[in-house]
$ cat work19.cif   # mmCIF, C-alpha atoms
data_final
loop_
_atom_site.label_atom_id
_atom_site.label_comp_id
_atom_site.auth_asym_id
_atom_site.auth_seq_id
_atom_site.Cartn_x
_atom_site.Cartn_y
_atom_site.Cartn_z
CA MET A 219 0.00 0.00 0.00
CA THR A 220 1.34 3.43 -0.99
CA LYS A 221 2.00 5.73 1.94
CA PRO A 222 0.50 9.24 1.91
CA LYS A 223 3.14 11.91 1.39
CA ILE A 224 3.82 14.91 3.59
CA LEU A 225 6.12 17.87 2.87
CA LEU A 226 7.08 20.25 5.69
CA LEU A 227 8.82 23.60 5.13
CA SER A 228 10.95 24.54 8.12
CA ASP A 229 14.52 24.92 9.35
CA SER A 230 16.75 22.18 8.05
CA PRO A 231 16.91 19.29 10.56
CA THR A 232 20.69 19.35 10.14
CA THR A 233 20.84 22.64 12.07
CA CYS A 234 20.57 23.28 15.82
CA THR A 235 17.38 25.31 16.10
CA GLY A 236 14.20 24.51 17.96
CA TYR A 237 12.23 24.32 14.72
CA ALA A 238 14.82 21.93 13.29
CA THR A 239 14.49 19.64 16.31
CA ILE A 240 10.69 19.60 16.22
CA THR A 241 10.65 19.06 12.44
CA ARG A 242 12.94 16.07 12.78
CA LYS A 243 11.08 14.54 15.73
CA VAL A 244 7.60 14.96 14.25
CA LEU A 245 8.46 13.59 10.81
CA ASN A 246 10.63 10.79 12.15
CA GLY A 247 7.70 9.80 14.33
CA LEU A 248 5.38 9.78 11.31
CA SER A 249 7.78 8.02 8.92
CA ASN A 250 6.29 4.55 9.47
CA ASP A 251 2.92 5.76 8.18
CA PHE A 252 3.88 8.57 5.79
CA GLU A 253 6.51 9.20 3.16
CA CYS A 254 8.05 12.29 4.76
CA HIS A 255 9.77 15.16 2.96
CA ILE A 256 11.45 18.23 4.45
CA LEU A 257 12.06 21.47 2.58
CA GLY A 258 14.90 22.99 4.59
CA HIS A 259 14.99 26.69 3.72
CA ASN A 260 18.54 26.91 5.13
CA TYR A 261 19.85 23.68 3.57
CA PHE A 262 21.76 24.16 0.33
CA GLY A 263 22.51 21.00 -1.59
CA GLN A 264 21.11 18.05 -3.46
CA THR A 265 18.12 16.09 -2.24
CA ILE A 266 19.16 13.46 0.29
CA LYS A 267 17.20 10.24 0.77
CA PRO A 268 16.09 9.04 4.23
CA GLY A 269 18.79 7.63 6.47
CA ILE A 270 20.99 10.57 7.44
CA THR A 271 22.75 9.71 10.72
CA PHE A 272 24.44 12.24 13.00
CA VAL A 273 27.53 11.43 15.05
CA ASP A 274 25.34 10.85 18.12
CA ASN A 275 23.26 8.32 16.10
CA GLU A 276 20.26 10.65 15.76
CA LYS A 277 18.64 9.95 12.39
CA ILE A 278 16.61 11.82 9.79
CA ASN A 279 14.18 9.32 8.29
CA CYS A 280 12.93 11.75 5.64
CA PHE A 281 13.80 13.13 2.22
CA LEU A 282 15.68 16.41 2.69
CA HIS A 283 15.30 18.95 -0.13
CA GLY A 284 17.52 21.98 -0.60
CA ALA A 285 16.49 25.61 -0.66
CA GLY A 286 15.74 27.50 -3.85
CA LYS A 287 16.52 31.10 -4.74
CA GLY A 288 13.43 32.57 -3.12
CA LYS A 289 13.17 33.76 0.46
CA TYR A 290 12.30 30.87 2.76
CA SER A 291 12.22 28.61 -0.32
CA MET A 292 8.87 29.92 -1.52
CA ASP A 293 9.90 29.18 -5.11
CA MET A 294 10.31 25.46 -4.29
CA ILE A 295 6.89 24.76 -2.74
CA THR A 296 4.72 24.29 -5.84
CA TYR A 297 7.52 22.47 -7.67
CA LEU A 298 8.05 19.87 -4.92
CA ILE A 299 4.34 19.38 -4.24
CA ARG A 300 3.77 18.43 -7.86
CA LYS A 301 7.00 16.53 -8.48
CA TYR A 302 6.45 14.20 -5.53
CA ASN A 303 2.62 14.18 -5.57
CA ILE A 304 2.49 15.53 -2.02
CA ASP A 305 -0.79 14.90 -0.18
CA VAL A 306 -0.22 17.29 2.74
CA PHE A 307 2.00 20.39 2.77
CA GLY A 308 2.78 22.18 6.02
CA ILE A 309 4.90 25.01 7.39
CA LEU A 310 6.70 25.31 10.72
CA LEU A 311 8.11 28.83 10.81
CA ASP A 312 7.27 32.14 12.43
CA SER A 313 4.16 33.39 10.64
CA PHE A 314 5.79 36.69 9.62
CA MET A 315 8.55 34.79 7.83
CA ALA A 316 6.11 33.07 5.48
CA PHE A 317 3.97 36.19 5.18
CA GLU A 318 6.74 38.57 4.14
CA ALA A 319 8.26 35.94 1.83
CA GLY A 320 5.05 35.85 -0.20
CA PHE A 321 3.31 32.63 0.85
CA MET A 322 -0.09 34.21 0.20
CA ASN A 323 0.74 34.08 -3.53
CA ILE A 324 1.94 30.47 -3.59
CA ASP A 325 -0.13 27.76 -5.29
CA THR A 326 -0.18 24.69 -3.02
CA SER A 327 -2.76 22.69 -4.98
CA PRO A 328 -3.59 19.85 -5.00
CA ALA A 329 -2.10 19.29 -1.52
CA LYS A 330 -4.05 19.89 1.65
CA THR A 331 -2.27 22.42 3.88
CA PHE A 332 -1.52 23.22 7.51
CA PHE A 333 0.49 25.82 9.39
CA TYR A 334 2.03 24.75 12.72
CA PHE A 335 2.00 28.22 14.12
CA PRO A 336 3.55 29.93 17.15
CA SER A 337 2.37 33.06 18.89
CA ASP A 338 5.04 34.53 21.14
CA GLY A 339 3.38 37.74 22.30
CA GLY A 340 0.19 39.56 23.16
CA GLY A 341 -2.25 41.47 21.00
CA GLY A 342 -2.43 38.89 18.25
CA LEU A 343 -0.23 37.51 15.52
CA PRO A 344 2.20 39.78 13.66
CA ILE A 345 0.21 42.33 11.63
CA GLY A 346 -1.55 40.68 8.71
CA CYS A 347 -0.30 37.17 9.42
CA GLU A 348 -3.73 35.88 10.34
CA ALA A 349 -4.27 35.77 6.57
CA ILE A 350 -2.03 32.71 6.44
CA LEU A 351 -4.22 30.86 8.94
CA LYS A 352 -7.25 31.74 6.81
CA LYS A 353 -5.57 30.51 3.62
CA ILE A 354 -4.48 27.05 4.77
CA ASN A 355 -6.83 24.16 5.49
CA VAL A 356 -5.90 23.45 9.11
CA PRO A 357 -4.19 25.85 11.54
CA ILE A 358 -2.32 23.83 14.16
CA ALA A 359 -1.35 25.71 17.34
CA MET A 360 1.73 24.56 19.22
CA SER A 361 0.41 26.12 22.43
CA LYS A 362 -2.91 26.56 24.18
CA PHE A 363 -2.03 30.25 24.36
CA GLY A 364 -1.79 30.50 20.57
CA GLN A 365 -4.96 28.49 20.07
CA LYS A 366 -6.97 30.73 22.40
CA GLN A 367 -5.50 33.88 20.87
CA ALA A 368 -6.39 32.83 17.31
CA GLU A 369 -9.96 32.16 18.39
CA LYS A 370 -10.38 35.31 20.49
CA VAL A 371 -8.73 37.83 18.17
CA TYR A 372 -9.60 36.39 14.76
CA GLY A 373 -12.46 33.96 15.38
CA LEU A 374 -10.33 31.13 13.97
CA ASN A 375 -10.57 27.55 15.16
CA SER A 376 -7.33 25.59 15.32
CA VAL A 377 -6.04 22.21 16.44
CA TYR A 378 -3.71 22.12 19.45
CA ILE A 379 -0.66 19.83 19.35
CA PRO A 380 2.19 20.68 21.75
CA HIS A 381 5.88 20.18 21.21
CA GLY A 382 7.50 17.18 22.84
CA VAL A 383 10.77 16.04 24.34
CA ASP A 384 12.62 12.75 23.90
CA THR A 385 13.20 11.25 27.35
CA LYS A 386 15.88 8.99 25.87
CA ASN A 387 17.92 12.15 25.32
CA PHE A 388 16.82 14.26 28.29
CA PHE A 389 16.55 12.62 31.72
CA PRO A 390 17.86 13.00 35.30
CA MET A 391 21.34 11.52 35.61
CA LYS A 392 21.89 9.24 38.59
CA SER A 393 25.46 10.31 39.26
CA LEU A 394 26.58 13.88 38.71
CA ASP A 395 29.94 13.86 40.48
CA GLU A 396 31.99 13.30 37.34
CA ILE A 397 30.39 16.09 35.28
CA LYS A 398 30.33 18.49 38.25
CA GLN A 399 34.04 17.89 38.78
CA ARG A 400 34.68 18.43 35.08
CA TRP A 401 32.83 21.76 35.21
CA GLN A 402 34.30 22.63 38.64
CA LEU A 403 30.80 22.92 40.12
CA MET A 404 30.98 20.31 42.89
CA ASP A 405 29.83 22.57 45.72
CA ASN A 406 27.87 25.15 43.76
CA PHE A 407 24.21 26.07 43.40
CA VAL A 408 23.68 26.52 39.66
CA VAL A 409 21.14 28.70 37.89
CA GLY A 410 21.14 27.86 34.20
CA THR A 411 19.82 29.28 30.95
CA VAL A 412 19.58 27.75 27.47
CA ALA A 413 18.74 30.39 24.88
CA ARG A 414 20.10 32.15 21.84
CA ASN A 415 21.09 35.74 22.57
CA GLN A 416 18.17 37.31 20.72
CA GLY A 417 16.39 40.47 21.80
CA ARG A 418 13.25 38.47 22.59
CA LYS A 419 15.08 36.42 25.24
CA MET A 420 16.15 39.55 27.17
CA LEU A 421 19.28 37.92 28.59
CA ASP A 422 20.36 41.23 30.09
CA ARG A 423 17.62 40.67 32.69
CA THR A 424 19.02 37.22 33.39
CA LEU A 425 22.36 38.75 34.32
CA LYS A 426 20.81 41.60 36.31
CA ALA A 427 18.58 39.26 38.33
CA PHE A 428 21.44 36.86 38.98
CA LYS A 429 23.70 39.71 40.12
CA LEU A 430 21.19 40.62 42.84
CA PHE A 431 20.46 37.00 43.72
CA CYS A 432 24.08 35.92 44.13
CA VAL A 433 25.40 38.88 46.12
CA ASP A 434 25.13 37.05 49.47
CA LYS A 435 25.57 33.53 48.08
CA PRO A 436 29.22 32.94 47.17
CA GLU A 437 28.55 29.35 46.06
CA THR A 438 26.05 30.32 43.34
CA ARG A 439 26.93 30.22 39.64
CA LEU A 440 25.15 31.18 36.41
CA LEU A 441 25.58 28.66 33.59
CA LEU A 442 24.81 30.20 30.19
CA HIS A 443 24.36 27.86 27.23
CA THR A 444 24.51 30.50 24.53
CA ASP A 445 27.08 31.74 22.05
CA PRO A 446 28.56 34.98 23.46
CA ASP A 447 30.11 35.68 20.04
CA ASP A 448 26.93 35.10 18.03
CA GLY A 449 27.02 37.34 14.97
CA ALA A 450 23.32 38.12 15.42
CA GLN A 451 23.52 38.77 19.17
CA ALA A 452 21.18 41.36 20.66
CA LEU A 453 23.75 42.68 23.13
CA SER A 454 27.24 41.88 24.40
CA LEU A 455 26.90 39.42 27.27
CA LYS A 456 30.65 39.50 27.87
CA HIS A 457 30.51 43.24 28.39
CA LEU A 458 27.61 42.92 30.85
CA VAL A 459 29.46 40.22 32.75
CA ASP A 460 32.33 42.68 33.13
CA ARG A 461 30.00 45.55 34.00
CA TYR A 462 28.33 43.62 36.82
CA GLN A 463 31.62 42.06 38.01
CA LEU A 464 30.39 38.52 37.44
CA ASN A 465 33.51 37.11 35.81
CA ASN A 466 34.00 34.55 38.57
CA ARG A 467 30.29 33.69 38.68
CA VAL A 468 29.19 33.24 35.05
CA ILE A 469 30.17 30.19 33.02
CA PHE A 470 29.64 29.99 29.25
CA THR A 471 29.35 26.39 28.09
CA GLY A 472 31.39 26.93 24.93
CA THR A 473 28.66 26.25 22.42
CA SER A 474 28.50 28.15 19.15
CA PHE A 475 25.92 28.39 16.42
CA TYR A 476 28.19 26.43 14.08
CA ASN A 477 29.34 23.87 16.65
CA PRO A 478 26.25 22.73 18.55
CA PHE A 479 26.32 20.30 21.45
CA THR A 480 25.18 16.69 21.10
CA TYR A 481 22.13 15.45 23.01
CA LYS A 482 24.45 13.77 25.51
CA GLN A 483 26.24 17.06 26.17
CA MET A 484 22.95 18.96 26.42
CA ASN A 485 21.59 16.46 28.93
CA GLU A 486 24.68 17.04 31.06
CA ILE A 487 24.22 20.82 30.85
CA TYR A 488 20.64 20.64 32.12
CA ASN A 489 21.61 18.18 34.86
CA LEU A 490 24.18 20.63 36.18
CA MET A 491 21.37 23.09 36.95
CA ASP A 492 19.49 23.47 40.22
CA ILE A 493 17.11 25.99 38.58
CA PHE A 494 16.37 26.71 34.93
CA LEU A 495 15.83 30.45 34.37
CA LEU A 496 14.34 32.09 31.28
CA SER A 497 13.83 35.87 31.28
CA THR A 498 11.98 35.76 27.96
CA SER A 499 9.64 38.43 26.66
CA GLY A 500 7.43 35.71 25.21
CA GLU A 501 7.66 32.18 23.81
CA GLY A 502 5.82 30.53 20.95
CA PHE A 503 6.26 27.35 22.98
CA GLY A 504 9.54 27.09 24.89
CA VAL A 505 11.39 23.86 24.06
CA PRO A 506 14.24 24.44 26.59
CA ILE A 507 11.60 24.69 29.33
CA ILE A 508 10.39 21.15 28.72
CA GLU A 509 13.94 19.89 28.15
CA ALA A 510 14.85 21.17 31.62
CA MET A 511 11.60 19.68 32.90
CA ALA A 512 12.54 16.26 31.48
CA CYS A 513 15.81 16.45 33.44
CA GLY A 514 13.92 17.20 36.65
CA VAL A 515 15.09 20.82 36.82
CA PRO A 516 12.53 23.31 38.26
CA GLN A 517 11.84 26.30 36.05
CA VAL A 518 11.60 30.05 36.73
CA VAL A 519 10.13 31.80 33.69
CA THR A 520 8.55 35.16 32.83
CA ASP A 521 4.78 34.92 33.36
CA TYR A 522 3.72 35.54 29.77
CA THR A 523 2.41 33.60 26.76
CA THR A 524 3.01 29.86 27.37
CA THR A 525 4.41 29.94 30.91
CA GLN A 526 1.11 29.23 32.63
CA GLU A 527 0.38 26.09 30.59
CA LEU A 528 3.94 24.77 30.73
CA VAL A 529 4.98 25.63 34.29
CA ILE A 530 1.88 26.34 36.40
CA GLU A 531 -1.27 24.56 35.16
CA ASP A 532 -2.21 20.91 35.79
CA ILE A 533 1.08 19.96 37.50
CA ARG A 534 3.17 22.84 38.86
CA THR A 535 6.87 22.56 38.03
CA GLY A 536 8.28 25.97 38.95
CA GLU A 537 7.64 29.68 39.38
CA ALA A 538 6.17 32.31 37.06
CA VAL A 539 7.89 35.70 37.36
CA LYS A 540 5.70 38.80 37.37
CA LEU A 541 6.04 41.51 34.77
CA SER A 542 7.83 44.75 35.58
CA GLY A 543 5.52 47.02 37.56
CA ASP A 544 3.14 44.25 38.65
CA GLU A 545 5.38 43.41 41.59
CA ILE A 546 4.93 46.92 43.00
CA SER A 547 1.15 47.17 42.75
CA PRO A 548 -1.34 44.76 41.22
CA ALA A 549 -1.91 45.85 37.66
CA VAL A 550 -5.17 47.41 36.56
CA HIS A 551 -5.31 46.14 33.02
CA THR A 552 -7.17 44.15 30.39
CA ASP A 553 -5.93 40.96 28.75
CA GLU A 554 -4.18 43.02 26.10
CA ILE A 555 -3.01 46.13 27.99
CA LEU A 556 -0.56 45.21 30.74
CA ASN A 557 1.97 46.81 33.01
CA GLY A 558 5.40 45.66 31.96
CA THR A 559 4.91 45.21 28.23
CA ILE A 560 6.16 47.05 25.19
CA THR A 561 4.97 46.94 21.60
CA GLY A 562 7.63 45.30 19.48
CA SER A 563 8.11 44.62 15.78
CA TRP A 564 5.01 43.67 13.80
CA ASN A 565 3.04 45.24 16.72
CA VAL A 566 3.38 42.16 18.89
CA GLU A 567 3.27 42.88 22.63
CA ARG A 568 6.44 41.84 24.50
CA ALA A 569 6.78 41.32 28.26
CA ILE A 570 9.45 42.85 30.47
CA MET A 571 10.27 40.51 33.32
CA SER A 572 10.46 42.02 36.80
CA ILE A 573 14.02 41.72 38.03
CA SER A 574 12.98 42.12 41.67
CA ASP A 575 10.30 39.42 41.44
CA CYS A 576 12.74 37.12 39.66
CA VAL A 577 15.15 37.48 42.57
CA LEU A 578 12.30 36.70 45.00
CA LYS A 579 11.42 33.54 43.05
CA LEU A 580 15.05 32.40 42.86
CA ASN A 581 15.42 32.98 46.60
CA LYS A 582 12.19 31.11 47.26
CA LEU A 583 13.56 27.96 45.64
CA TYR A 584 17.09 28.44 46.97
CA TYR A 585 15.92 28.51 50.58
CA ASP A 586 13.10 25.95 50.28
CA LYS A 587 14.79 22.71 49.26
CA ASN A 588 11.59 20.73 49.83
CA LEU A 589 9.73 22.86 47.31
CA LEU A 590 12.66 22.64 44.90
CA ASN A 591 12.57 18.86 45.17
CA GLN A 592 8.78 18.75 44.75
CA TYR A 593 8.99 20.78 41.55
CA SER A 594 11.65 18.35 40.32
CA VAL A 595 9.37 15.37 40.95
CA ASN A 596 6.45 17.21 39.37
CA SER A 597 8.53 18.01 36.30
CA LEU A 598 9.10 14.36 35.46
CA LYS A 599 5.42 13.58 35.99
CA LYS A 600 4.33 16.45 33.73
CA ILE A 601 6.61 15.35 30.89
CA LYS A 602 5.22 11.82 31.06
CA ASN A 603 1.62 13.05 31.11
CA PHE A 604 1.75 15.80 28.48
CA TYR A 605 4.98 16.21 26.51
CA SER A 606 6.32 12.77 25.58
CA TRP A 607 6.50 11.99 21.86
CA ASN A 608 4.63 8.70 22.26
CA LYS A 609 1.58 10.79 23.22
CA ILE A 610 2.11 13.54 20.64
CA ILE A 611 2.85 11.59 17.43
CA PRO A 612 -0.57 9.83 17.45
CA GLN A 613 -2.17 13.28 17.58
CA TRP A 614 -0.27 14.28 14.44
CA LYS A 615 -1.16 11.05 12.69
CA LYS A 616 -4.88 11.54 13.34
CA VAL A 617 -4.93 15.17 12.19
CA LEU A 618 -3.03 14.43 8.98
CA LEU A 619 -5.07 11.35 8.07
CA ASP A 620 -8.27 13.30 8.68
CA MET A 621 -7.03 15.96 6.28
CA ILE A 622 -6.61 13.53 3.36
CA LYS A 623 -9.72 11.37 3.84
#

$ encode --input "work19.cif" --output "structure tokens"
Amino acid sequence: MTKPKILLLSDSPTTCTGYATITRKVLNGLSNDFECHILGHNYFGQTIKPGITFVDNEKINCFLHGAGKGKYSMDMITYLIRKYNIDVFGILLDSFMAFEAGFMNIDTSPAKTFFYFPSDGGGGLPIGCEAILKKINVPIAMSKFGQKQAEKVYGLNSVYIPHGVDTKNFFPMKSLDEIKQRWQLMDNFVVGTVARNQGRKMLDRTLKAFKLFCVDKPETRLLLHTDPDDGAQALSLKHLVDRYQLNNRVIFTGTSFYNPFTYKQMNEIYNLMDIFLLSTSGEGFGVPIIEAMACGVPQVVTDYTTTQELVIEDIRTGEAVKLSGDEISPAVHTDEILNGTITGSWNVERAIMSISDCVLKLNKLYYDKNLLNQYSVNSLKKIKNFYSWNKIIPQWKKVLLDMIK
């Protein structure tokens, strides 16, 4: 029996982005039931057949097609759909990327279509991008936040399928002595962050909050898994480390955009942490949050967009940090007009994390080891219940099969 064919436009699964990881995991999970194709807009080369194997034995069980001349490979979509008789075409990118690249003018017939869309801020999608969700057959929200926003702001119904995490790659390690000795962190309390140094992540607030938190705690360290020499960095982290006299407190892991860590190395990084901290201004989902969760690391994250559903609701796994201003006096606001937000590009509302409340939340977990341990236990339970791939892939299979009936 011939398998139905799916083509997904996203980051190439050979790169080290969140979209690349999710693309690889979703399509690998579907590869027994579908012939899977990936259009990697940042992969330049000949088409590669399924069976690519990385050095850590991670595989890509899909056809990988190279980018064309057009922005985000828009010029390749119609060609590949018709050459390979694709049944379902989908996109996993930020909506503004597809919108400004001209997706509204692309002919995707005869394939059925979906957009696996993020929403990483308040007020709605980037200006005009709701048109994409109206064009495709099935909008698929990666978060409950995005699903509710699409319905409330635009009256659009969407399917909700969350991201997942592979517990074979991310798990609590039984013995940490060897890696702690290697990182010279044997007797330290470690706050850790995994994030690219983009403006949206607001890593300056990470450093500012840690500076205040660590002032009376000589054993505390901040472990930053980010490239401090990233060519697209939002600000100089090295300069801020100097400014706040944190040279003996902040540890960069040594990763770079062109030399990413293996899953084994990433699991070690998370396991070194006592607390995972993310001072984000908004997440479309937040893959590092659930990766930390899978390693049993409690999370402290800005209380905006997806934080409630990931960290607080159902099974609580950490602390949600108030927005700037809300820690002083309870905000008088609506759902869309908040203290502690600014209007960013494409008129998306961005949160500004309260540094003082972040310090309070870090102190809360530092001094309450029982609560810290309970959040760790809860984290493993939440991953098993909501974010394991063996629960998520069947959801994808059902949605896609329903589309081509």

$ resolve_selection --input "work19.cif" --expression "the PyMOL selection byres ((chain A and resi 539) around 8)" --output "list in words"
Val518, Val519, Thr520, Asp521, Glu537, Ala538, Lys540, Leu541, Met571, Ser572, Asp575, Cys576 and Lys579 of chain A

$ write_last_selection --input "work19.cif" --atoms "C-alpha atoms" --output "CSV table (one decimal), in the frame of the given file"
chain,number,residue,atom,x,y,z
A,518,VAL,CA,11.6,30.0,36.7
A,519,VAL,CA,10.1,31.8,33.7
A,520,THR,CA,8.6,35.2,32.8
A,521,ASP,CA,4.8,34.9,33.4
A,537,GLU,CA,7.6,29.7,39.4
A,538,ALA,CA,6.2,32.3,37.1
A,540,LYS,CA,5.7,38.8,37.4
A,541,LEU,CA,6.0,41.5,34.8
A,571,MET,CA,10.3,40.5,33.3
A,572,SER,CA,10.5,42.0,36.8
A,575,ASP,CA,10.3,39.4,41.4
A,576,CYS,CA,12.7,37.1,39.7
A,579,LYS,CA,11.4,33.5,43.0

$ resolve_selection --input "work19.cif" --expression "the PyMOL selection byres ((chain A and resi 410) around 7)" --output "list in words"
Val408, Val409, Thr411, Val412, Leu440, Leu441, Leu442, Met491, Ile493, Phe494 and Leu495 of chain A

$ residues_near_point --input "work19.cif" --point "(18.2, 23.5, 1.5)" --cutoff "8 Å" --atoms "all atoms listed in the file" --output "PyMOL selection string"
chain A and resi 230+257-264+282-286

$ write_last_selection --input "work19.cif" --atoms "C-alpha atoms" --output "PDB file, in the frame of the given file"
ATOM      1  CA  SER A 230      16.750  22.180   8.050  1.00  0.00           C
ATOM      2  CA  LEU A 257      12.060  21.470   2.580  1.00  0.00           C
ATOM      3  CA  GLY A 258      14.900  22.990   4.590  1.00  0.00           C
ATOM      4  CA  HIS A 259      14.990  26.690   3.720  1.00  0.00           C
ATOM      5  CA  ASN A 260      18.540  26.910   5.130  1.00  0.00           C
ATOM      6  CA  TYR A 261      19.850  23.680   3.570  1.00  0.00           C
ATOM      7  CA  PHE A 262      21.760  24.160   0.330  1.00  0.00           C
ATOM      8  CA  GLY A 263      22.510  21.000  -1.590  1.00  0.00           C
ATOM      9  CA  GLN A 264      21.110  18.050  -3.460  1.00  0.00           C
ATOM     10  CA  LEU A 282      15.680  16.410   2.690  1.00  0.00           C
ATOM     11  CA  HIS A 283      15.300  18.950  -0.130  1.00  0.00           C
ATOM     12  CA  GLY A 284      17.520  21.980  -0.600  1.00  0.00           C
ATOM     13  CA  ALA A 285      16.490  25.610  -0.660  1.00  0.00           C
ATOM     14  CA  GLY A 286      15.740  27.500  -3.850  1.00  0.00           C
TER      15      GLY A 286
END

$ residues_around --input "work19.cif" --residues "segment 318-323 of chain A" --least-positions-apart "6" --cutoff "9 Å" --atoms "only C-alpha atoms" --output "list in words"
Gly288, Lys289, Tyr290, Ser291, Met292, Cys347, Ala349, Ile350 and Lys353 of chain A

$ closest_residue --input "work19.cif" --among "A:Leu226, A:Cys513, A:Ile240, A:Leu578" --to "Ser594 of chain A" --atoms "all atoms listed in the file"
A:Cys513

$ closest_residue --input "work19.cif" --among "A:Glu509, A:Phe428, A:Thr480, A:Gln402" --to "Phe272 of chain A" --atoms "all atoms listed in the file"
A:Thr480

$ atom_distance --input "work19.cif" --atom1 "atom CA of Ser597 of chain A" --atom2 "atom CA of Met511 of chain A"
4.9 Å

$ residues_around --input "work19.cif" --residues "Ala368 of chain A" --least-positions-apart "5" --cutoff "8 Å" --atoms "only C-alpha atoms" --output "list in words"
Gly342, Leu343, Gly373, Leu374, Asn375 and Ser376 of chain A

$ atom_distance --input "work19.cif" --atom1 "atom CA of Ala512 of chain A" --atom2 "atom CA of Gln526 of chain A"
17.3 Å

$ atom_distance --input "work19.cif" --atom1 "atom CA of Thr561 of chain A" --atom2 "atom CA of Val529 of chain A"
24.8 Å

$ closest_residue --input "work19.cif" --among "A:Pro222, A:Pro344, A:Gly339, A:Gly449" --to "Phe252 of chain A" --atoms "all atoms listed in the file"
A:Pro222

$ closest_atom_pairs --input "work19.cif" --of "segment 359-442 of chain A" --to "segment 242-250 of chain A" --cutoff "9 Å" --atoms "all atoms listed in the file" --output "Markdown table"
| residue | atom | partner | partner_atom | distance |
| --- | --- | --- | --- | --- |
| A:His381 | CA | A:Val244 | CA | 8.9 |
| A:Gly382 | CA | A:Lys243 | CA | 8.4 |
| A:Val383 | CA | A:Lys243 | CA | 8.7 |
| A:Asp384 | CA | A:Lys243 | CA | 8.5 |

$ closest_atom_pairs --input "work19.cif" --of "segment 255-313 of chain A" --to "segment 606-621 of chain A" --cutoff "10 Å" --atoms "only C-alpha atoms" --output "JSON lines"
{"residue": "A:Asp305", "atom": "CA", "partner": "A:Met621", "partner_atom": "CA", "distance": 9.0}
{"residue": "A:Val306", "atom": "CA", "partner": "A:Leu618", "partner_atom": "CA", "distance": 7.4}
{"residue": "A:Phe307", "atom": "CA", "partner": "A:Leu618", "partner_atom": "CA", "distance": 10.0}

$ resolve_selection --input "work19.cif" --expression "the PyMOL selection byres ((chain A and resi 464) around 12)" --output "JSON, numbers by chain"
{"A": [425, 426, 427, 428, 429, 430, 431, 432, 433, 436, 438, 439, 440, 441, 455, 456, 457, 458, 459, 460, 461, 462, 463, 465, 466, 467, 468, 469, 470]}

$ closest_residue --input "work19.cif" --among "A:Ser228, A:Asn406, A:Thr271, A:Thr235" --to "Phe475 of chain A" --atoms "only C-alpha atoms"
A:Thr235

$ residues_around --input "work19.cif" --residues "Gln416 of chain A" --least-positions-apart "5" --cutoff "12 Å" --atoms "only C-alpha atoms" --output "PDB file with C-alpha atoms, keeping the file's coordinate frame"
ATOM      1  CA  LEU A 421      19.280  37.920  28.590  1.00  0.00           C
ATOM      2  CA  ASP A 422      20.360  41.230  30.090  1.00  0.00           C
ATOM      3  CA  THR A 444      24.510  30.500  24.530  1.00  0.00           C
ATOM      4  CA  ASP A 445      27.080  31.740  22.050  1.00  0.00           C
ATOM      5  CA  PRO A 446      28.560  34.980  23.460  1.00  0.00           C
ATOM      6  CA  ASP A 448      26.930  35.100  18.030  1.00  0.00           C
ATOM      7  CA  GLY A 449      27.020  37.340  14.970  1.00  0.00           C
ATOM      8  CA  ALA A 450      23.320  38.120  15.420  1.00  0.00           C
ATOM      9  CA  GLN A 451      23.520  38.770  19.170  1.00  0.00           C
ATOM     10  CA  ALA A 452      21.180  41.360  20.660  1.00  0.00           C
ATOM     11  CA  LEU A 453      23.750  42.680  23.130  1.00  0.00           C
ATOM     12  CA  SER A 454      27.240  41.880  24.400  1.00  0.00           C
ATOM     13  CA  LEU A 455      26.900  39.420  27.270  1.00  0.00           C
ATOM     14  CA  SER A 497      13.830  35.870  31.280  1.00  0.00           C
ATOM     15  CA  THR A 498      11.980  35.760  27.960  1.00  0.00           C
ATOM     16  CA  SER A 499       9.640  38.430  26.660  1.00  0.00           C
ATOM     17  CA  GLY A 500       7.430  35.710  25.210  1.00  0.00           C
TER      18      GLY A 500
END

$ residues_around --input "work19.cif" --residues "Asp274 of chain A" --least-positions-apart "3" --cutoff "12 Å" --atoms "all atoms listed in the file" --output "PyMOL selection string"
chain A and resi 270-271+277+387+478-484

$ decode --input "work19.cif" --residues "segment 420-441 of chain A" --atoms "C-alpha atoms" --output "compact mmCIF listing (two decimals), in the first residue's frame"
# COMPACT_ATOMS: atom_id res chain seq x y z
CA MET A 420 16.15 39.55 27.17
CA LEU A 421 19.28 37.92 28.59
CA ASP A 422 20.36 41.23 30.09
CA ARG A 423 17.62 40.67 32.69
CA THR A 424 19.02 37.22 33.39
CA LEU A 425 22.36 38.75 34.32
CA LYS A 426 20.81 41.60 36.31
CA ALA A 427 18.58 39.26 38.33
CA PHE A 428 21.44 36.86 38.98
CA LYS A 429 23.70 39.71 40.12
CA LEU A 430 21.19 40.62 42.84
CA PHE A 431 20.46 37.00 43.72
CA CYS A 432 24.08 35.92 44.13
CA VAL A 433 25.40 38.88 46.12
CA ASP A 434 25.13 37.05 49.47
CA LYS A 435 25.57 33.53 48.08
CA PRO A 436 29.22 32.94 47.17
CA GLU A 437 28.55 29.35 46.06
CA THR A 438 26.05 30.32 43.34
CA ARG A 439 26.93 30.22 39.64
CA LEU A 440 25.15 31.18 36.41
CA LEU A 441 25.58 28.66 33.59
